[in-house]
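coords.cif, holding mmCIF, C-alpha atoms; chains and numbers go by the auth columns:
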data_my_file
loop_
_atom_site.group_PDB
_atom_site.id
_atom_site.type_symbol
_atom_site.label_atom_id
_atom_site.label_comp_id
_atom_site.label_asym_id
_atom_site.label_seq_id
_atom_site.Cartn_x
_atom_site.Cartn_y
_atom_site.Cartn_z
_atom_site.B_iso_or_equiv
_atom_site.auth_seq_id
_atom_site.auth_asym_id
ATOM 1 C CA VAL A 1 92.177 93.509 80.306 0.00 1 A
ATOM 2 C CA TYR A 2 88.850 93.986 82.060 0.00 2 A
ATOM 3 C CA LYS A 3 88.733 90.566 83.738 0.00 3 A
ATOM 4 C CA ARG A 4 91.881 90.942 85.842 0.00 4 A
ATOM 5 C CA GLN A 5 90.436 93.416 88.376 0.00 5 A
ATOM 6 C CA GLY A 6 87.789 91.030 89.741 0.00 6 A
ATOM 7 C CA PRO A 7 89.836 89.195 92.380 0.00 7 A
ATOM 8 C CA THR A 8 91.341 92.431 93.666 0.00 8 A
ATOM 9 C CA ILE A 9 87.951 94.078 94.000 0.00 9 A
ATOM 10 C CA ALA A 10 86.522 90.977 95.669 0.00 10 A
ATOM 11 C CA ALA A 11 89.351 90.814 98.200 0.00 11 A
ATOM 12 C CA ALA A 12 89.038 94.500 99.038 0.00 12 A
ATOM 13 C CA GLY A 13 85.272 94.127 99.437 0.00 13 A
ATOM 14 C CA VAL A 14 85.617 91.139 101.755 0.00 14 A
ATOM 15 C CA ILE A 15 88.221 92.912 103.895 0.00 15 A
ATOM 16 C CA LEU A 16 86.149 96.084 104.173 0.00 16 A
ATOM 17 C CA ALA A 17 82.951 94.155 104.893 0.00 17 A
ATOM 18 C CA GLY A 18 84.750 92.152 107.571 0.00 18 A
ATOM 19 C CA THR A 19 85.997 95.352 109.143 0.00 19 A
ATOM 20 C CA PHE A 20 82.518 96.793 109.412 0.00 20 A
ATOM 21 C CA ALA A 21 81.108 93.419 110.479 0.00 21 A
ATOM 22 C CA THR A 22 83.082 93.719 113.705 0.00 22 A
ATOM 23 C CA LEU A 23 80.540 96.353 114.732 0.00 23 A
ATOM 24 C CA MET A 24 78.091 93.458 115.161 0.00 24 A
ATOM 25 C CA LEU A 25 80.177 92.284 118.117 0.00 25 A
ATOM 26 C CA ALA A 26 79.337 95.439 120.051 0.00 26 A
ATOM 27 C CA GLY A 27 76.895 95.135 122.911 0.00 27 A
ATOM 28 C CA ASN A 28 74.828 98.004 121.532 0.00 28 A
ATOM 29 C CA SER A 29 71.959 96.910 119.256 0.00 29 A
ATOM 30 C CA THR A 30 72.238 100.054 117.129 0.00 30 A
ATOM 31 C CA LEU A 31 75.885 99.378 116.353 0.00 31 A
ATOM 32 C CA SER A 32 75.099 95.734 115.617 0.00 32 A
ATOM 33 C CA GLN A 33 72.419 96.712 113.115 0.00 33 A
ATOM 34 C CA MET A 34 74.680 99.306 111.518 0.00 34 A
ATOM 35 C CA GLY A 35 77.498 96.738 111.249 0.00 35 A
ATOM 36 C CA PHE A 36 75.256 94.260 109.475 0.00 36 A
ATOM 37 C CA ALA A 37 73.817 96.862 107.115 0.00 37 A
ATOM 38 C CA LEU A 38 77.228 98.283 106.214 0.00 38 A
ATOM 39 C CA SER A 39 78.891 94.918 105.689 0.00 39 A
ATOM 40 C CA PHE A 40 75.987 93.603 103.613 0.00 40 A
ATOM 41 C CA GLY A 41 75.947 96.746 101.481 0.00 41 A
ATOM 42 C CA ILE A 42 79.680 96.569 100.865 0.00 42 A
ATOM 43 C CA VAL A 43 79.507 92.902 99.885 0.00 43 A
ATOM 44 C CA VAL A 44 76.683 93.621 97.440 0.00 44 A
ATOM 45 C CA SER A 45 78.568 96.604 96.079 0.00 45 A
ATOM 46 C CA ALA A 46 81.827 94.696 95.675 0.00 46 A
ATOM 47 C CA PHE A 47 80.415 91.574 94.082 0.00 47 A
ATOM 48 C CA VAL A 48 77.572 92.939 91.980 0.00 48 A
ATOM 49 C CA MET A 49 78.536 96.458 91.037 0.00 49 A
ATOM 50 C CA ALA A 50 82.307 96.259 90.822 0.00 50 A
ATOM 51 C CA MET A 51 82.671 92.762 89.394 0.00 51 A
ATOM 52 C CA VAL A 52 79.762 92.794 86.938 0.00 52 A
ATOM 53 C CA PHE A 53 78.472 96.281 86.235 0.00 53 A
ATOM 54 C CA THR A 54 81.703 98.293 86.022 0.00 54 A
ATOM 55 C CA PRO A 55 83.676 95.939 83.716 0.00 55 A
ATOM 56 C CA SER A 56 80.689 95.478 81.403 0.00 56 A
ATOM 57 C CA LEU A 57 80.075 99.209 81.228 0.00 57 A
ATOM 58 C CA THR A 58 83.759 99.809 80.552 0.00 58 A
ATOM 59 C CA ALA A 59 83.730 97.214 77.775 0.00 59 A
ATOM 60 C CA LEU A 60 80.696 98.872 76.199 0.00 60 A
ATOM 61 C CA ILE A 61 82.150 102.375 76.355 0.00 61 A
ATOM 62 C CA GLY A 62 85.545 101.222 75.112 0.00 62 A
ATOM 63 C CA HIS A 63 88.478 103.625 74.842 0.00 63 A
ATOM 64 C CA ALA A 64 86.409 106.608 75.981 0.00 64 A
ATOM 65 C CA ALA A 65 86.162 105.079 79.467 0.00 65 A
ATOM 66 C CA TRP A 66 89.849 105.851 80.015 0.00 66 A
ATOM 67 C CA TRP A 67 89.569 109.444 78.789 0.00 67 A
ATOM 68 C CA PRO A 68 91.386 111.425 81.513 0.00 68 A
ATOM 69 C CA GLY A 69 94.320 109.059 81.907 0.00 69 A
ATOM 70 C CA HIS A 70 95.155 107.707 78.472 0.00 70 A
ATOM 71 C CA GLY A 71 94.932 110.751 76.262 0.00 71 A
ATOM 72 C CA ASP A 72 92.852 111.147 73.148 0.00 72 A
ATOM 73 C CA GLU A 73 94.780 108.807 70.864 0.00 73 A
ATOM 74 C CA LYS A 74 93.946 105.143 70.537 0.00 74 A
ATOM 75 C CA ARG A 75 96.751 102.663 70.874 0.00 75 A
ATOM 76 C CA GLU A 76 97.661 100.721 67.784 0.00 76 A
ATOM 77 C CA PRO A 77 97.609 96.933 67.996 0.00 77 A
ATOM 78 C CA ALA A 78 101.026 95.373 68.519 0.00 78 A
ATOM 79 C CA ALA A 79 101.010 93.744 65.070 0.00 79 A
ATOM 80 C CA GLN A 80 100.456 97.052 63.290 0.00 80 A
ATOM 81 C CA ALA A 81 102.939 98.955 65.454 0.00 81 A
ATOM 82 C CA ALA A 82 105.702 96.406 64.898 0.00 82 A
ATOM 83 C CA ALA A 83 105.191 96.168 61.108 0.00 83 A
ATOM 84 C CA PRO A 84 107.754 98.139 59.059 0.00 84 A
ATOM 85 C CA PRO A 85 106.344 101.012 56.935 0.00 85 A
#
Output the structure of this file as structure tokens.
Amino acid sequence: VYKRQGPTIAAAGVILAGTFATLMLAGNSTLSQMGFALSFGIVVSAFVMAMVFTPSLTALIGHAAWWPGHGDEKREPAAQAAAPP
């Protein structure tokens, strides 16, 4: 479950970093420096934080990580739910 978000996060990070990298094409040196800093920060954030840190933290926390959206009850495994009483 936790490994399927990686490509989506990576693609979004690359697109957003590319968008801010266009600031480096400006003739102004301040905008060029800001474009590099923003795009580098987004790439680091997308590839390190979102693809490594967040899924591992979610795996460690377990069901409590989904607290607001999934209610307080744990889901039963499919084998137990399908078994007759």
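The gap separating CA of Thr58 in chain A from CA of Leu38 in chain A is 26.5 Å, in Å to one decimal.
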For Val14 in chain A, list every protein, DNA or RNA residue within 9 Å, evaluated using all atoms listed in the file, and leave out those in the same chain fewer than 3 positions away; present the list as a PDB file with C-alpha atoms, in the coordinates of the input.
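Result file is part.pdb:
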ATOM      1  CA  ILE A   9      87.951  94.078  94.000  1.00  0.00           C
ATOM      2  CA  ALA A  10      86.522  90.977  95.669  1.00  0.00           C
ATOM      3  CA  ALA A  11      89.351  90.814  98.200  1.00  0.00           C
ATOM      4  CA  ALA A  17      82.951  94.155 104.893  1.00  0.00           C
ATOM      5  CA  GLY A  18      84.750  92.152 107.571  1.00  0.00           C
ATOM      6  CA  THR A  19      85.997  95.352 109.143  1.00  0.00           C
ATOM      7  CA  SER A  39      78.891  94.918 105.689  1.00  0.00           C
ATOM      8  CA  ILE A  42      79.680  96.569 100.865  1.00  0.00           C
ATOM      9  CA  VAL A  43      79.507  92.902  99.885  1.00  0.00           C
ATOM     10  CA  ALA A  46      81.827  94.696  95.675  1.00  0.00           C
TER      11      ALA A  46
END
Centre, edges in Å (one decimal): axis-aligned box, range 47-50 of chain A, 4 Å padding on all six sides, as AutoDock Vina command-line options:
--center_x 79.9 --center_y 94.0 --center_z 92.5 --size_x 12.7 --size_y 12.9 --size_z 11.3
## Note on the structure
In Å and to one decimal, CA of Met24 in chain A is distant from CA of Ala37 in chain A by 9.7 Å
### Task
Point out the residue among A:Phe53, A:Phe20, A:Phe36, A:Phe47 with the least atom-to-atom distance to Pro7 in chain A, counting only C-alpha atoms.
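Checking each candidate against Pro7 in chain A, we get A:Phe47 as the closest.
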### Query
What is the distance between CA of Val44 in chain A and CA of Thr22 in chain A, in Å to one decimal?
17.5 Å
